[in-house]
file work_9.cif (mmCIF, C-alpha atoms)
data_run
loop_
_atom_site.label_atom_id
_atom_site.label_comp_id
_atom_site.auth_asym_id
_atom_site.auth_seq_id
_atom_site.Cartn_x
_atom_site.Cartn_y
_atom_site.Cartn_z
CA MET B 256 57.38 133.19 -111.11
CA LYS B 257 56.91 131.46 -107.75
CA TYR B 258 53.48 130.55 -106.46
CA LYS B 259 52.38 132.61 -103.45
CA ILE B 260 51.46 130.45 -100.46
CA LEU B 261 49.75 131.65 -97.26
CA VAL B 262 50.53 129.25 -94.41
CA SER B 263 48.64 128.89 -91.14
CA GLY B 264 47.64 126.27 -88.60
CA ASN B 265 48.09 124.92 -85.10
CA ASN B 266 51.73 123.80 -85.36
CA PRO B 267 54.23 126.70 -85.62
CA SER B 268 57.28 124.43 -85.99
CA LEU B 269 55.82 122.65 -89.02
CA ILE B 270 54.85 125.99 -90.54
CA MET B 271 58.41 127.33 -90.23
CA ASP B 272 59.90 124.09 -91.60
CA PHE B 273 57.56 124.26 -94.59
CA ILE B 274 58.45 127.88 -95.37
CA GLN B 275 62.21 127.32 -95.04
CA GLN B 276 62.34 124.07 -97.00
CA THR B 277 60.13 125.20 -99.89
CA GLU B 278 61.52 128.69 -100.45
CA ALA B 279 63.08 127.55 -103.73
CA PHE B 280 59.59 126.82 -105.10
CA PHE B 281 57.15 129.13 -103.30
CA GLU B 282 56.90 132.66 -101.97
CA SER B 283 55.39 131.84 -98.58
CA LEU B 284 53.93 133.98 -95.81
CA SER B 285 52.72 132.74 -92.43
CA THR B 286 49.71 133.99 -90.52
CA THR B 287 48.06 133.15 -87.20
CA PRO B 288 44.94 130.97 -86.96
CA CYS B 289 43.03 134.15 -86.02
CA TRP B 290 40.18 134.82 -88.48
CA ARG B 291 40.98 138.53 -88.79
CA ASP B 292 44.65 137.80 -89.58
CA ILE B 293 43.76 135.19 -92.19
CA VAL B 294 41.33 137.46 -94.03
CA GLY B 295 43.71 140.42 -93.73
CA HIS B 296 46.58 138.47 -95.28
CA PHE B 297 44.31 137.23 -98.07
CA GLU B 298 43.50 140.85 -98.90
CA LEU B 299 47.12 142.02 -98.80
CA PHE B 300 49.00 138.96 -100.09
CA ASN B 301 46.42 137.56 -102.57
CA PRO B 302 47.87 134.03 -102.33
CA ASP B 303 47.59 131.30 -104.95
CA ALA B 304 47.10 128.72 -102.20
CA TYR B 305 46.31 128.48 -98.51
CA VAL B 306 48.23 125.68 -96.71
CA CYS B 307 46.88 124.85 -93.27
CA PHE B 308 48.58 122.50 -90.80
CA VAL B 309 45.84 120.96 -88.65
CA ASN B 310 46.59 118.78 -85.62
CA SER B 311 43.03 117.85 -84.63
CA GLU B 312 39.63 117.40 -86.21
CA HIS B 313 38.39 119.77 -83.48
CA SER B 314 40.71 122.59 -84.58
CA SER B 315 39.00 125.96 -84.54
CA ILE B 316 40.60 126.80 -87.88
CA LEU B 317 38.54 124.25 -89.83
CA PRO B 318 35.17 126.06 -89.65
CA GLN B 319 36.96 129.23 -90.73
CA ILE B 320 37.78 127.67 -94.10
CA SER B 321 34.08 127.52 -95.03
CA GLU B 322 33.67 131.16 -94.06
CA LEU B 323 36.82 132.13 -95.95
CA LYS B 324 35.47 130.71 -99.21
CA LYS B 325 32.44 133.01 -98.84
CA ASP B 326 34.52 136.11 -98.09
CA LYS B 327 35.25 138.67 -100.80
CA ALA B 328 38.99 138.39 -100.02
CA TYR B 329 39.00 134.76 -101.16
CA ASN B 330 39.98 134.61 -104.81
CA GLY B 331 39.75 130.94 -105.66
CA ALA B 332 43.02 130.00 -103.96
CA GLY B 333 43.77 126.30 -103.60
CA ILE B 334 43.15 125.07 -100.06
CA PHE B 335 45.40 122.31 -98.71
CA LEU B 336 44.92 120.69 -95.31
CA ILE B 337 47.97 118.85 -93.98
CA CYS B 338 47.09 116.53 -91.11
CA ASP B 339 48.39 113.53 -89.22
CA ALA B 340 46.86 110.13 -89.98
CA LYS B 341 44.31 110.23 -87.14
CA THR B 342 43.02 113.68 -88.09
CA CYS B 343 42.78 112.69 -91.77
CA ASP B 344 40.68 109.66 -90.82
CA GLU B 345 38.39 111.77 -88.67
CA LEU B 346 37.98 114.44 -91.36
CA ALA B 347 37.03 111.73 -93.85
CA LYS B 348 33.88 111.24 -91.74
CA LYS B 349 32.97 114.93 -92.10
CA PRO B 350 31.92 115.62 -95.72
CA LEU B 351 31.63 119.37 -95.18
CA PHE B 352 35.30 119.74 -94.29
CA MET B 353 36.30 117.37 -97.08
CA ALA B 354 34.36 119.53 -99.56
CA ASP B 355 36.00 122.74 -98.36
CA ALA B 356 39.56 121.53 -99.02
CA ASP B 357 40.99 120.98 -102.51
CA ILE B 358 43.44 118.41 -101.17
CA ILE B 359 43.90 116.77 -97.77
CA ILE B 360 47.46 115.52 -97.37
CA ARG B 361 48.42 112.90 -94.80
CA ARG B 362 51.57 113.36 -92.73
CA PRO B 363 54.32 112.28 -92.58
CA ILE B 364 55.24 113.34 -96.12
CA SER B 365 58.58 114.42 -97.50
CA VAL B 366 59.03 118.05 -98.54
CA ASP B 367 59.76 116.96 -102.11
CA ASN B 368 56.51 115.04 -102.40
CA LEU B 369 54.59 117.84 -100.71
CA VAL B 370 55.93 120.32 -103.27
CA LEU B 371 55.05 117.89 -106.05
CA ARG B 372 51.46 117.53 -104.79
CA ILE B 373 50.93 121.29 -104.56
CA THR B 374 52.51 122.15 -107.93
CA ARG B 375 50.59 119.33 -109.59
CA HIS B 376 47.36 120.91 -108.31
CA PHE B 377 48.30 124.19 -109.98
CA ASP B 378 49.20 122.42 -113.23
CA GLU B 379 45.88 120.56 -113.25
CA LYS B 380 44.01 123.79 -112.53
CA LYS B 381 45.71 125.51 -115.48
CA GLU B 382 44.91 122.55 -117.71
CA ALA B 383 41.27 122.69 -116.60
CA GLN B 384 41.15 126.40 -117.43
CA VAL B 385 42.55 125.73 -120.89
CA GLN B 386 40.00 122.98 -121.43
CA GLU B 387 37.22 125.32 -120.35
CA GLU B 388 38.39 127.96 -122.82
CA VAL B 389 38.42 125.35 -125.57
CA ARG B 390 34.93 124.28 -124.59
CA LYS B 391 33.65 127.87 -124.76
CA ALA B 392 35.27 128.40 -128.14
CA ALA B 393 33.63 125.25 -129.47
CA SER B 394 30.20 126.34 -128.18
CA GLU B 395 30.51 129.60 -130.15
CA ALA B 396 31.11 127.76 -133.40
CA ASN B 397 28.28 127.40 -135.91
CA ALA B 398 25.72 124.62 -135.44
CA ALA B 399 26.97 122.52 -138.35
CA THR B 400 30.49 122.44 -136.98
CA VAL B 401 29.26 121.52 -133.50
CA ILE B 402 27.19 118.65 -134.88
CA ALA B 403 30.15 117.38 -136.91
CA ASN B 404 32.39 117.52 -133.85
CA GLU B 405 29.85 115.66 -131.74
CA LYS B 406 29.68 112.90 -134.33
CA GLU B 407 33.45 112.64 -134.38
CA GLU B 408 33.50 112.49 -130.57
CA GLU B 409 30.90 109.72 -130.63
CA LYS B 410 33.04 107.74 -133.04
CA ALA B 411 36.11 108.27 -130.87
CA ALA B 412 34.17 107.24 -127.77
CA ALA B 413 32.97 104.09 -129.54
CA VAL B 414 36.56 103.20 -130.45
CA ILE B 415 37.67 103.77 -126.85
CA ALA B 416 34.78 101.66 -125.55
CA GLU B 417 35.96 98.73 -127.68
CA LYS B 418 39.40 98.75 -126.08
CA PRO B 419 40.11 96.24 -123.30
CA GLU B 420 39.58 97.45 -119.76
CA ARG B 421 43.13 96.60 -118.70
CA LYS B 422 45.41 99.65 -118.67
CA HIS B 423 48.70 99.52 -120.58
CA ILE B 424 52.01 100.39 -118.88
CA LEU B 425 55.29 101.00 -120.72
CA VAL B 426 58.44 100.39 -118.64
CA ILE B 427 61.77 101.77 -119.96
CA ASP B 428 65.01 100.72 -118.23
CA ASP B 429 68.38 99.54 -119.47
CA ASP B 430 68.52 97.04 -116.57
CA ARG B 431 66.83 93.86 -117.81
CA ILE B 432 66.50 92.48 -114.27
CA ILE B 433 64.42 95.49 -113.23
CA LEU B 434 62.34 95.21 -116.40
CA LYS B 435 61.57 91.59 -115.65
CA MET B 436 60.79 92.35 -112.00
CA LEU B 437 58.37 95.18 -112.85
CA LYS B 438 56.68 93.22 -115.60
CA THR B 439 56.15 90.27 -113.27
CA ALA B 440 54.84 92.50 -110.48
CA LEU B 441 52.41 94.49 -112.62
CA SER B 442 51.20 91.91 -115.16
CA ASP B 443 48.45 90.54 -112.92
CA ASN B 444 46.46 93.76 -113.27
CA TYR B 445 47.93 95.57 -116.29
CA ASP B 446 49.27 94.96 -119.76
CA VAL B 447 53.00 95.67 -119.49
CA THR B 448 55.49 96.36 -122.28
CA ALA B 449 59.21 96.47 -121.41
CA MET B 450 61.81 98.44 -123.40
CA VAL B 451 65.57 98.67 -122.80
CA SER B 452 66.09 102.13 -124.35
CA GLY B 453 64.36 105.38 -125.06
CA VAL B 454 64.93 104.98 -128.79
CA SER B 455 63.01 101.68 -128.84
CA ALA B 456 60.28 103.15 -126.70
CA GLU B 457 59.82 106.17 -128.97
CA LYS B 458 59.35 103.91 -132.01
CA PHE B 459 56.90 101.79 -130.05
CA LEU B 460 54.85 104.86 -129.05
CA GLU B 461 54.46 105.89 -132.69
CA SER B 462 51.93 103.09 -133.18
CA GLN B 463 50.85 101.98 -129.70
CA ASP B 464 48.81 103.65 -126.94
CA VAL B 465 49.82 103.43 -123.29
CA ASP B 466 48.26 104.77 -120.09
CA LEU B 467 51.43 105.16 -117.99
CA ILE B 468 55.19 105.30 -118.60
CA ILE B 469 57.67 104.20 -115.92
CA LEU B 470 61.04 105.59 -116.99
CA ASP B 471 64.58 105.02 -115.66
CA TYR B 472 66.24 108.40 -115.07
CA GLU B 473 69.84 107.16 -115.42
CA MET B 474 70.31 105.48 -118.83
CA PRO B 475 73.20 105.46 -121.32
CA VAL B 476 72.98 106.97 -124.81
CA GLU B 477 69.67 108.75 -124.15
CA THR B 478 68.89 109.68 -120.55
CA GLY B 479 65.48 109.48 -118.94
CA ALA B 480 65.32 113.27 -118.88
CA GLU B 481 65.85 113.45 -122.65
CA VAL B 482 63.18 110.80 -123.29
CA PHE B 483 60.80 112.62 -120.93
CA ARG B 484 61.24 115.93 -122.77
CA LYS B 485 60.57 114.29 -126.14
CA ILE B 486 57.38 112.72 -124.81
CA LYS B 487 56.12 116.01 -123.37
CA ARG B 488 56.91 117.90 -126.60
CA ASN B 489 54.84 115.43 -128.63
CA PRO B 490 51.15 116.51 -128.61
CA LYS B 491 50.08 112.90 -129.11
CA LEU B 492 52.01 111.71 -126.04
CA SER B 493 52.14 114.69 -123.69
CA HIS B 494 49.02 113.59 -121.78
CA ILE B 495 50.59 110.30 -120.65
CA PRO B 496 51.70 110.37 -117.00
CA VAL B 497 55.41 109.63 -116.58
CA CYS B 498 57.05 108.34 -113.38
CA PHE B 499 60.80 108.19 -112.95
CA LEU B 500 62.92 105.43 -111.42
CA THR B 501 66.26 106.49 -109.99
CA GLY B 502 68.95 104.76 -108.00
CA ILE B 503 70.50 108.04 -106.86
CA SER B 504 69.10 109.41 -103.61
CA GLU B 505 71.14 112.63 -103.26
CA ARG B 506 68.86 115.60 -102.69
CA GLY B 507 70.36 117.53 -105.59
CA LYS B 508 69.62 114.73 -108.05
CA ILE B 509 66.09 114.31 -106.71
CA MET B 510 65.49 118.05 -107.12
CA GLU B 511 66.78 117.71 -110.68
CA VAL B 512 64.20 114.97 -111.28
CA MET B 513 61.40 117.01 -109.71
CA ALA B 514 62.24 120.08 -111.77
CA LEU B 515 60.92 118.19 -114.80
CA LYS B 516 57.54 117.85 -113.01
CA PRO B 517 56.94 114.12 -113.46
CA HIS B 518 53.81 112.58 -112.01
CA GLY B 519 55.96 110.72 -109.49
CA TYR B 520 59.26 109.02 -108.86
CA LEU B 521 60.52 105.90 -107.11
CA LEU B 522 63.94 105.20 -105.66
CA LYS B 523 65.80 101.97 -106.38
CA PRO B 524 65.67 99.39 -104.89
CA ILE B 525 61.97 99.65 -105.60
CA ASP B 526 59.48 99.45 -102.75
CA MET B 527 56.67 97.37 -104.27
CA ASP B 528 54.01 98.83 -101.98
CA LYS B 529 54.94 102.33 -103.15
CA LEU B 530 54.99 101.14 -106.75
CA PHE B 531 51.48 99.68 -106.57
CA SER B 532 50.19 102.73 -104.72
CA MET B 533 51.63 105.13 -107.30
CA VAL B 534 50.26 103.15 -110.26
CA THR B 535 46.81 102.84 -108.66
CA ASN B 536 46.66 106.56 -107.91
CA LEU B 537 47.57 107.48 -111.47
CA ILE B 538 45.62 105.03 -113.64
CA GLY B 539 43.47 103.00 -111.26
#

call {"tool": "encode", "arguments": {"input": "work_9.cif", "output": "structure tokens"}}
result
Amino acid sequence: MKYKILVSGNNPSLIMDFIQQTEAFFESLSTTPCWRDIVGHFELFNPDAYVCFVNSEHSSILPQISELKKDKAYNGAGIFLICDAKTCDELAKKPLFMADADIIIRRPISVDNLVLRITRHFDEKKEAQVQEEVRKAASEANAATVIANEKEEEKAAAVIAEKPERKHILVIDDDRIILKMLKTALSDNYDVTAMVSGVSAEKFLESQDVDLIILDYEMPVETGAEVFRKIKRNPKLSHIPVCFLTGISERGKIMEVMALKPHGYLLKPIDMDKLFSMVTNLIG
């Protein structure tokens, strides 16, 4: 089932482009920046998210977002503001607007990455709901069980606290030159392990913990997609963020990569600035 997106803002051309280019992922409906229209469409359409294209920090639509969140028609939809660089910088100085939006996205941004950001928000929201349900279930357990769990959590926290602060990255690629390049680039700030195949990596992960996996999508014997699926099916590994590397830039292949919902992807040849930015965003 597609997510329902209500789209509004001060730039009609961007709104139409968004709706047309994301129709494979979302069921989108546009509305005017008029307060009555926005509330009316929330009541009729009941969207999962409200995407607003803003072209100025003085836009009249921004104060309406605060009012919308108080209105009975608002049903906890995700609120995304998409702005140019100048507007993003100005909004960063206004904590009230920053608090009203779930995510503020800086333009320019590709449609693929925009879709990835929005769908990731929904995935994280679902995960948070599951965690909340688990938390409630645990609170209803008997006192002895709760105390036992707390002691176990304290032990686990103590073990985690003893681990080194440096995060551990596993890089999987059949190209040894790329492995060496990535290990050299990342080793100043992270512990990096390089593997030439998914089979080797899977054996490694049986006994070693990592914080991030950078995975080549095009590999012989066992493809990146196959390795990715195995990781996500394994309860002990499914929490690890996975980012793909791919040397194929055709839109169809990129959409194939995105369909797996990785935490990110990089095209070869690798842009080091994008690499460092992606790693920092995911694991610090």

call {"tool": "residues_around", "arguments": {"input": "work_9.cif", "residues": "Thr535 (chain B)", "least_positions_apart": "6", "cutoff": "12 Å", "atoms": "only C-alpha atoms", "output": "mmCIF file with C-alpha atoms, keeping the file's coordinate frame"}}
result
data_model
loop_
_atom_site.group_PDB
_atom_site.id
_atom_site.type_symbol
_atom_site.label_atom_id
_atom_site.label_comp_id
_atom_site.auth_asym_id
_atom_site.auth_seq_id
_atom_site.Cartn_x
_atom_site.Cartn_y
_atom_site.Cartn_z
ATOM 1 C CA LYS B 422 45.410 99.650 -118.670
ATOM 2 C CA ILE B 424 52.010 100.390 -118.880
ATOM 3 C CA LEU B 441 52.410 94.490 -112.620
ATOM 4 C CA ASN B 444 46.460 93.760 -113.270
ATOM 5 C CA TYR B 445 47.930 95.570 -116.290
ATOM 6 C CA ASP B 466 48.260 104.770 -120.090
ATOM 7 C CA LEU B 467 51.430 105.160 -117.990
ATOM 8 C CA ASP B 528 54.010 98.830 -101.980
ATOM 9 C CA LYS B 529 54.940 102.330 -103.150
#

call {"tool": "closest_residue", "arguments": {"input": "work_9.cif", "among": "B:Leu460, B:Phe300, B:Met450, B:Val534", "to": "Pro496 (chain B)", "atoms": "all atoms listed in the file"}}
result
B:Val534

call {"tool": "closest_residue", "arguments": {"input": "work_9.cif", "among": "B:Leu425, B:Ala480, B:Val385, B:Ile260", "to": "Phe297 (chain B)", "atoms": "all atoms listed in the file"}}
result
B:Ile260

call {"tool": "closest_residue", "arguments": {"input": "work_9.cif", "among": "B:His313, B:Lys324, B:His518, B:Lys391", "to": "Ala356 (chain B)", "atoms": "only C-alpha atoms"}}
result
B:Lys324

call {"tool": "residues_around", "arguments": {"input": "work_9.cif", "residues": "Ala328 (chain B)", "least_positions_apart": "2", "cutoff": "7 Å", "atoms": "all atoms listed in the file", "output": "ChimeraX atom specification"}}
result
/B:294,297-298,326,330

call {"tool": "closest_residue", "arguments": {"input": "work_9.cif", "among": "B:Pro524, B:Gly264, B:Gly333, B:Gly539", "to": "Gly502 (chain B)", "atoms": "only C-alpha atoms"}}
result
B:Pro524

call {"tool": "resolve_selection", "arguments": {"input": "work_9.cif", "expression": "the PyMOL selection byres ((chain B and resi 357-369) around 6)", "output": "ChimeraX atom specification"}}
result
/B:334-340,356,370-372

call {"tool": "residues_around", "arguments": {"input": "work_9.cif", "residues": "Ala456 (chain B)", "least_positions_apart": "4", "cutoff": "9 Å", "atoms": "only C-alpha atoms", "output": "ChimeraX atom specification"}}
result
/B:425-427,449-452,460-461,482

call {"tool": "closest_residue", "arguments": {"input": "work_9.cif", "among": "B:Pro288, B:Phe459, B:Lys341, B:Glu505", "to": "Leu492 (chain B)", "atoms": "only C-alpha atoms"}}
result
B:Phe459

call {"tool": "residues_around", "arguments": {"input": "work_9.cif", "residues": "region 278-281 of chain B", "least_positions_apart": "2", "cutoff": "12 Å", "atoms": "all atoms listed in the file", "output": "PyMOL selection string"}}
result
chain B and resi 256-262+271-276+283-284+302-306+366-367+369-371+373-374+510+513-514

call {"tool": "resolve_selection", "arguments": {"input": "work_9.cif", "expression": "the PyMOL selection byres ((chain B and resi 478) around 12)", "output": "PyMOL selection string"}}
result
chain B and resi 427-429+451-454+470-477+479-485+499-501+512

call {"tool": "closest_residue", "arguments": {"input": "work_9.cif", "among": "B:Thr277, B:Ser263, B:Thr286, B:Asn404", "to": "Asn310 (chain B)", "atoms": "all atoms listed in the file"}}
result
B:Ser263

call {"tool": "build_atoms", "arguments": {"input": "work_9.cif", "residues": "region 462-486 of chain B", "atoms": "N, CA, C and O atoms", "output": "PDB file, in the frame of the given file"}}
result
ATOM      1  N   SER B 462      53.068 103.889-132.711  1.00  0.00           N
ATOM      2  CA  SER B 462      51.930 103.090-133.180  1.00  0.00           C
ATOM      3  C   SER B 462      51.099 102.484-132.059  1.00  0.00           C
ATOM      4  O   SER B 462      50.053 101.892-132.319  1.00  0.00           O
ATOM      5  N   GLN B 463      51.553 102.621-130.801  1.00  0.00           N
ATOM      6  CA  GLN B 463      50.850 101.980-129.700  1.00  0.00           C
ATOM      7  C   GLN B 463      50.451 103.004-128.628  1.00  0.00           C
ATOM      8  O   GLN B 463      51.193 103.949-128.361  1.00  0.00           O
ATOM      9  N   ASP B 464      49.294 102.792-128.029  1.00  0.00           N
ATOM     10  CA  ASP B 464      48.810 103.650-126.940  1.00  0.00           C
ATOM     11  C   ASP B 464      49.165 103.045-125.592  1.00  0.00           C
ATOM     12  O   ASP B 464      49.060 101.831-125.408  1.00  0.00           O
ATOM     13  N   VAL B 465      49.573 103.881-124.662  1.00  0.00           N
ATOM     14  CA  VAL B 465      49.820 103.430-123.290  1.00  0.00           C
ATOM     15  C   VAL B 465      49.162 104.409-122.323  1.00  0.00           C
ATOM     16  O   VAL B 465      48.880 105.559-122.667  1.00  0.00           O
ATOM     17  N   ASP B 466      48.906 103.938-121.106  1.00  0.00           N
ATOM     18  CA  ASP B 466      48.260 104.770-120.090  1.00  0.00           C
ATOM     19  C   ASP B 466      49.249 105.319-119.070  1.00  0.00           C
ATOM     20  O   ASP B 466      48.938 106.282-118.366  1.00  0.00           O
ATOM     21  N   LEU B 467      50.427 104.727-118.965  1.00  0.00           N
ATOM     22  CA  LEU B 467      51.430 105.160-117.990  1.00  0.00           C
ATOM     23  C   LEU B 467      52.814 104.745-118.483  1.00  0.00           C
ATOM     24  O   LEU B 467      52.975 103.660-119.055  1.00  0.00           O
ATOM     25  N   ILE B 468      53.802 105.620-118.259  1.00  0.00           N
ATOM     26  CA  ILE B 468      55.190 105.300-118.600  1.00  0.00           C
ATOM     27  C   ILE B 468      56.020 105.346-117.320  1.00  0.00           C
ATOM     28  O   ILE B 468      55.999 106.338-116.592  1.00  0.00           O
ATOM     29  N   ILE B 469      56.728 104.250-117.035  1.00  0.00           N
ATOM     30  CA  ILE B 469      57.670 104.200-115.920  1.00  0.00           C
ATOM     31  C   ILE B 469      59.067 104.233-116.541  1.00  0.00           C
ATOM     32  O   ILE B 469      59.435 103.337-117.303  1.00  0.00           O
ATOM     33  N   LEU B 470      59.835 105.270-116.221  1.00  0.00           N
ATOM     34  CA  LEU B 470      61.040 105.590-116.990  1.00  0.00           C
ATOM     35  C   LEU B 470      62.267 105.694-116.076  1.00  0.00           C
ATOM     36  O   LEU B 470      62.260 106.456-115.109  1.00  0.00           O
ATOM     37  N   ASP B 471      63.315 104.935-116.408  1.00  0.00           N
ATOM     38  CA  ASP B 471      64.580 105.020-115.660  1.00  0.00           C
ATOM     39  C   ASP B 471      65.229 106.377-115.951  1.00  0.00           C
ATOM     40  O   ASP B 471      65.348 106.790-117.114  1.00  0.00           O
ATOM     41  N   TYR B 472      65.650 107.073-114.899  1.00  0.00           N
ATOM     42  CA  TYR B 472      66.240 108.400-115.070  1.00  0.00           C
ATOM     43  C   TYR B 472      67.685 108.314-115.552  1.00  0.00           C
ATOM     44  O   TYR B 472      68.137 109.144-116.326  1.00  0.00           O
ATOM     45  N   GLU B 473      68.421 107.306-115.089  1.00  0.00           N
ATOM     46  CA  GLU B 473      69.840 107.160-115.420  1.00  0.00           C
ATOM     47  C   GLU B 473      70.009 106.069-116.473  1.00  0.00           C
ATOM     48  O   GLU B 473      70.011 104.875-116.155  1.00  0.00           O
ATOM     49  N   MET B 474      70.116 106.452-117.758  1.00  0.00           N
ATOM     50  CA  MET B 474      70.310 105.480-118.830  1.00  0.00           C
ATOM     51  C   MET B 474      71.416 105.977-119.762  1.00  0.00           C
ATOM     52  O   MET B 474      71.571 107.189-119.942  1.00  0.00           O
ATOM     53  N   PRO B 475      72.170 105.055-120.357  1.00  0.00           N
ATOM     54  CA  PRO B 475      73.200 105.460-121.320  1.00  0.00           C
ATOM     55  C   PRO B 475      72.574 105.893-122.637  1.00  0.00           C
ATOM     56  O   PRO B 475      71.392 105.662-122.890  1.00  0.00           O
ATOM     57  N   VAL B 476      73.359 106.508-123.470  1.00  0.00           N
ATOM     58  CA  VAL B 476      72.980 106.970-124.810  1.00  0.00           C
ATOM     59  C   VAL B 476      71.943 108.091-124.731  1.00  0.00           C
ATOM     60  O   VAL B 476      72.222 109.239-125.056  1.00  0.00           O
ATOM     61  N   GLU B 477      70.744 107.750-124.290  1.00  0.00           N
ATOM     62  CA  GLU B 477      69.670 108.750-124.150  1.00  0.00           C
ATOM     63  C   GLU B 477      69.116 108.662-122.742  1.00  0.00           C
ATOM     64  O   GLU B 477      68.541 107.654-122.355  1.00  0.00           O
ATOM     65  N   THR B 478      69.293 109.705-121.955  1.00  0.00           N
ATOM     66  CA  THR B 478      68.890 109.680-120.550  1.00  0.00           C
ATOM     67  C   THR B 478      67.367 109.738-120.416  1.00  0.00           C
ATOM     68  O   THR B 478      66.662 110.111-121.360  1.00  0.00           O
ATOM     69  N   GLY B 479      66.913 109.396-119.208  1.00  0.00           N
ATOM     70  CA  GLY B 479      65.480 109.480-118.940  1.00  0.00           C
ATOM     71  C   GLY B 479      64.951 110.891-119.117  1.00  0.00           C
ATOM     72  O   GLY B 479      63.829 111.089-119.592  1.00  0.00           O
ATOM     73  N   ALA B 480      65.752 111.879-118.737  1.00  0.00           N
ATOM     74  CA  ALA B 480      65.320 113.270-118.880  1.00  0.00           C
ATOM     75  C   ALA B 480      65.098 113.618-120.353  1.00  0.00           C
ATOM     76  O   ALA B 480      64.131 114.311-120.704  1.00  0.00           O
ATOM     77  N   GLU B 481      65.988 113.154-121.224  1.00  0.00           N
ATOM     78  CA  GLU B 481      65.850 113.450-122.650  1.00  0.00           C
ATOM     79  C   GLU B 481      64.603 112.769-123.233  1.00  0.00           C
ATOM     80  O   GLU B 481      63.863 113.372-124.022  1.00  0.00           O
ATOM     81  N   VAL B 482      64.373 111.517-122.833  1.00  0.00           N
ATOM     82  CA  VAL B 482      63.180 110.800-123.290  1.00  0.00           C
ATOM     83  C   VAL B 482      61.924 111.513-122.800  1.00  0.00           C
ATOM     84  O   VAL B 482      60.958 111.699-123.537  1.00  0.00           O
ATOM     85  N   PHE B 483      61.949 111.924-121.525  1.00  0.00           N
ATOM     86  CA  PHE B 483      60.800 112.620-120.930  1.00  0.00           C
ATOM     87  C   PHE B 483      60.454 113.884-121.714  1.00  0.00           C
ATOM     88  O   PHE B 483      59.292 114.145-122.031  1.00  0.00           O
ATOM     89  N   ARG B 484      61.485 114.684-122.042  1.00  0.00           N
ATOM     90  CA  ARG B 484      61.240 115.930-122.770  1.00  0.00           C
ATOM     91  C   ARG B 484      60.637 115.670-124.149  1.00  0.00           C
ATOM     92  O   ARG B 484      59.759 116.405-124.620  1.00  0.00           O
ATOM     93  N   LYS B 485      61.113 114.626-124.825  1.00  0.00           N
ATOM     94  CA  LYS B 485      60.570 114.290-126.140  1.00  0.00           C
ATOM     95  C   LYS B 485      59.099 113.902-126.035  1.00  0.00           C
ATOM     96  O   LYS B 485      58.273 114.292-126.870  1.00  0.00           O
ATOM     97  N   ILE B 486      58.775 113.136-125.005  1.00  0.00           N
ATOM     98  CA  ILE B 486      57.380 112.720-124.810  1.00  0.00           C
ATOM     99  C   ILE B 486      56.500 113.932-124.575  1.00  0.00           C
ATOM    100  O   ILE B 486      55.417 114.064-125.151  1.00  0.00           O
TER     101      ILE B 486
END
